[in-house]
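Student: My questions all concern the structure below.
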Amino acid sequence: MLLDQTKFLVKERVAVLKLSDTYDIYDPASGSQIGIAQEKPSTLVHVLRFFINKRMLPTTVEVREAADRPIVFSIQR
């Protein structure tokens, strides 16, 4: 279902102190949630984020149809 879509609406989950980002993925036509994307940095990167801008550090984003479902695809930076 997630890969059948051509347009997505992505909303970042807001939190005060967070070390990794989570995004909800919606179908813009129906407004229903069709996926979730979670950043999965390594332990070392978690520590380095206190000292270095997180945009400069490597990370992996895992995209799933639901939090408890298998990974549909992942993106690495």
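Going by the structure tokens order, chains are called A, B, ..., each with residues numbered from 1, while ligands are numbered from 1 in the order shown.
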Give me, as a list in words, all polymer residues having an atom no more than 10 Å from range 38-53 of chain A, counting only C-alpha atoms and skipping those fewer than 5 positions away in the same chain.
Tutor: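 Selected residues are Glu12, Lys18, Leu19, Ser20, Asp21, Thr22, Tyr23, Asp24, Pro58, Thr59, Thr60, Val61, Glu62, Val63, Arg64, Ala67, Ser74, Ile75 and Gln76 of chain A.
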Student: Mind checking which residues fall within 12 Å of Ala66 in chain A, counting only C-alpha atoms, ignoring those fewer than 5 positions away in the same chain, and posting them as a list in words?
Tutor: Met1, Leu2, Tyr23, Asp24, Ile25, Tyr26, Gln33, Ile34, Gly35, Ile36, Ala37, Gln38, Ile71 and Val72 of chain A
Student: Based on the backbone DSSP call, show me all residues of chain A assigned helix (DSSP H, G or I), as an NGL selection string.
Tutor: :A and (2-4 or 43-48 or 54-56)
Student: Any idea what the distance is between CA of Thr6 in chain A and CA of Asp68 in chain A?
Tutor: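 For CA of Thr6 in chain A relative to CA of Asp68 in chain A, the distance reads 23.5 Å.
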Student: From the set A:Lys54, A:Ser30, A:Asp4, A:Glu65, which residue has the shortest atom-to-atom contact distance to Arg77 in chain A, counting only C-alpha atoms?
Tutor: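 For Arg77 in chain A, the nearest of the given residues is A:Lys54.
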Student: So how far away is CA of Phe8 in chain A from CA of Arg55 in chain A, in Å?
Tutor: 22.9 Å
Student: Just the number, please: distance in Å from CA of Lys7 in chain A to CA of Ala29 in chain A, one decimal.
Tutor: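 CA of Ala29 in chain A lies at a distance of 8.7 Å from CA of Lys7 in chain A.
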Student: Run DSSP on the backbone and give me the residues of chain A it puts in strand (DSSP E), as a list of chain:residue names.
Tutor: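 Everything in chain A that counts as strand (DSSP E) is A:Leu9, A:Val10, A:Lys11, A:Glu12, A:Thr22, A:Tyr23, A:Asp24, A:Ile25, A:Tyr26, A:Gln33, A:Ile34, A:Gly35, A:Ile36, A:Ala37, A:Gln38, A:Glu39, A:Thr60, A:Val61, A:Glu62, A:Val63, A:Arg64, A:Ile71, A:Val72, A:Phe73, A:Ser74, A:Ile75, A:Gln76.
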